[in-house]
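Enquirer: Starting off with a structure, shown below.
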Amino acid sequence: MTDPLLTVHNIETYIGQFHILEGVSFEVPEGEIVALLGRNGAGKTTTLKSILGLTAPRTGDVVFDGMNLRGMQPFDIAATGIGYVPENRAIFGALSVEENLRLAERSKGELERKSDLIFGLFPDLERLIGLPGTALSGGQQQMLAVARALVPDNRLLLIDEPSEGLAPVLIEQMMEAIKQLSSDTTVLLVEQNFIVASRLAARYVIIEEGASVASGDMADLVNDEETIRKYLGAA
Amino acid sequence: MTEASPKRPNFLTRHGMLIFVVTLAILFPFIVGLIEGQSPATVIASEGGNSKFLMGLAVEVFILALFALSYDVLLGITGLLSFGHQMFFAVGAYGSGIMLKSLGWSLPLTLLGILVLAILQALLFGVVLPRVHGITFALVTLGIASMFWIVIQSPDVGDWTGGDVGLQGASSLVPAWINTNDHRFRFYLMALAVLVLFYLVFRRIVSSPTGAVMVANRENQDRALMLGYNTLWFKMFALVITSIAAAIAGMLWTMHQPIVTPTVAGLGWVVAALLMVLMGGIGTLTGAIIGAAMFRLLSFYLERWFGGGASLMLGVTYVLLVLFLPYGIVGTWRLKQARVSEGRKRLVALVTGKGG
């Protein structure tokens, strides 16, 4: 196994008075796709937000490429090379497709330099470049959200529920896009759809009631019906 | 990628409506004069008559439009709900009055003083920005503005502010060449020019990458943060530019009105700004100007026609506007325009048999 690009060590996170994460630890090796699995409300999205500093952990460490992110502001964490694709097609609806993409630029002309990659993965977006985000379909909005994270040179992408609410044909397209982008970028993926997660990820981490309870190779989990039934509620 | 980008419209397409409206506004006093039988020379000399009176009313519209425009940038573009925006206006109004009257400053020095005060008060509001959001920010700003409202009415500072009566006579200290009483037409043109200047500056900012981040902050601050933007600086920037605009509006108010009352520092003044923005269409910029015109003209003519019943009629009008035009005049127009355009395309496709 290659050296971990991201190490999450025993983080505990509160939202207000609520103790949401009660000890999450895992590693994300460089160049791999790791899936964060767990039931609804287990703490998967909070784990992503804790890595990003949006809900800063009270204890524990998040180390990215040798740098401890604890105490850093979200915009500084983003600048270290971590991209985020939030759940629910989180684009800026009032802005055009181009403006959404340009917002993600960290240097001038970055969008032009990445246009082959982005519009190769999502050809629809090139056609819709001048339209406001609200005029896009749900699937197109999700593609825009992923495309936006590809504009800067991110080394790690955190992708939250990319298949949520998408038609099967769009899920296939999205999976293909994530597979392609993972050749250059490490991916930490939160995915409710186990079939999607198992086809994409090489490794997994299971979160249960705010704590990491299992991790390993995805190939082993696929054959471990007991673990799947116990923590994911399906076999 | 760039070849798929929409072509930038030419100068006339981008500014044609603005040029038309500004030309109409410049000609407006002469049109009134023509109807009233006044010569253009009389109109320019501002020697009384209906044109001078209507120019005065229009100046109030321009000033309120600038105030509403600043509130639209703060609330409609950046998403910062402030209930203390009236203080930005009142500091301009009272500050310029005190500088002109009590300190005996010249007009350019007063303008400089107001710019400094505007930046300082924006920084004061900005102090709380990292700690409070949403409605809490609105309430904190209301608290700060309420303190200012109480202070200006205090008898302890009555010599400077005029206490609860208001600050009187500052407008007469404005140099004669630009004085609203002696040269109303010049003052009218200046107020119009200031409004147009700020409108163009705000439009430029909103369509720039900085404006895109301000809109992104309004839509979802966390997403903007995760793209690497320190949204605090963009909100601070919005506070500073809107404070400057509102303070300049306040200064123009003092230069135009014989008396500046504490009303301009009260909650009612920011509610008025909110109404103007909502009537015109929030986040549209032009809507704020149209809303301000409607607000002032409706108030004036309803009071003239219905006297004491005007407030009730105004209230009913606002309720009807919100009910039937929930996106405001410009917001609703833009929505309808998109639908009309789509309908036209479908009709053309149906008639020509192309497309589906």
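Ordering of the structure tokens sets the chain letters (A, B, ...), residue numbers begin anew at 1 in every chain, and ligands are numbered from 1 in the order given.
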Select residues of chain A: the criterion is any atom within 6 Å of an atom of chain B, counting only C-alpha atoms; output as an mmCIF file with N, CA and C atoms, in the first residue's frame.

Expert:
```
data_model
loop_
_atom_site.group_PDB
_atom_site.id
_atom_site.type_symbol
_atom_site.label_atom_id
_atom_site.label_comp_id
_atom_site.auth_asym_id
_atom_site.auth_seq_id
_atom_site.Cartn_x
_atom_site.Cartn_y
_atom_site.Cartn_z
ATOM 1 N N PRO A 74 -11.487 26.922 6.727
ATOM 2 C CA PRO A 74 -11.886 26.132 5.553
ATOM 3 C C PRO A 74 -11.248 26.608 4.250
ATOM 4 N N PHE A 75 -11.143 27.956 4.063
ATOM 5 C CA PHE A 75 -10.587 28.441 2.792
ATOM 6 C C PHE A 75 -9.099 28.134 2.686
ATOM 7 N N ALA A 78 -8.939 24.403 1.811
ATOM 8 C CA ALA A 78 -9.224 24.218 0.378
ATOM 9 C C ALA A 78 -7.979 24.538 -0.451
ATOM 10 N N ALA A 79 -7.236 25.562 -0.013
ATOM 11 C CA ALA A 79 -6.050 25.987 -0.781
ATOM 12 C C ALA A 79 -4.903 24.976 -0.709
ATOM 13 N N ALA A 104 -14.059 28.487 -9.197
ATOM 14 C CA ALA A 104 -13.152 27.488 -8.626
ATOM 15 C C ALA A 104 -11.705 27.706 -9.049
ATOM 16 N N GLY A 130 -23.344 29.092 -20.929
ATOM 17 C CA GLY A 130 -23.865 30.429 -20.610
ATOM 18 C C GLY A 130 -25.141 30.414 -19.776
#
```

Enquirer: If we count only C-alpha atoms and set the cut-off at 12 Å, which residues sit around A:Ser107, ignoring sequence neighbours fewer than 4 positions away in its own chain? Please answer as a ChimeraX atom specification.

Expert: /A:79,102-103,111-114,151-153 /B:228

Enquirer: Can you tell me, as a ChimeraX atom specification, what residues are no more than 12 Å from B:Ala246 when counting only C-alpha atoms, ignoring any on the same chain fewer than 4 positions away?

Expert: /B:62-74,84-93,114-115,117-119,121-122,194-195,198,238-242,250-253,264-265,269-270,273

Enquirer: Could you give me, as a ChimeraX atom specification, the residues within 12 Å of B:Leu103, counting only C-alpha atoms and dropping anything in the same chain fewer than 3 positions from it?

Expert: /B:95-100,106-107,109-110,113,159-160,170,173

Enquirer: Could you pull out the residues in stretch 100-260 of chain B that DSSP calls helix (DSSP H, G or I) from the backbone, as a PyMOL selection string?

Expert: chain B and resi 100-101+107-126+134-153+155-161+170-173+176-178+184-206+209-219+221-226+231-256
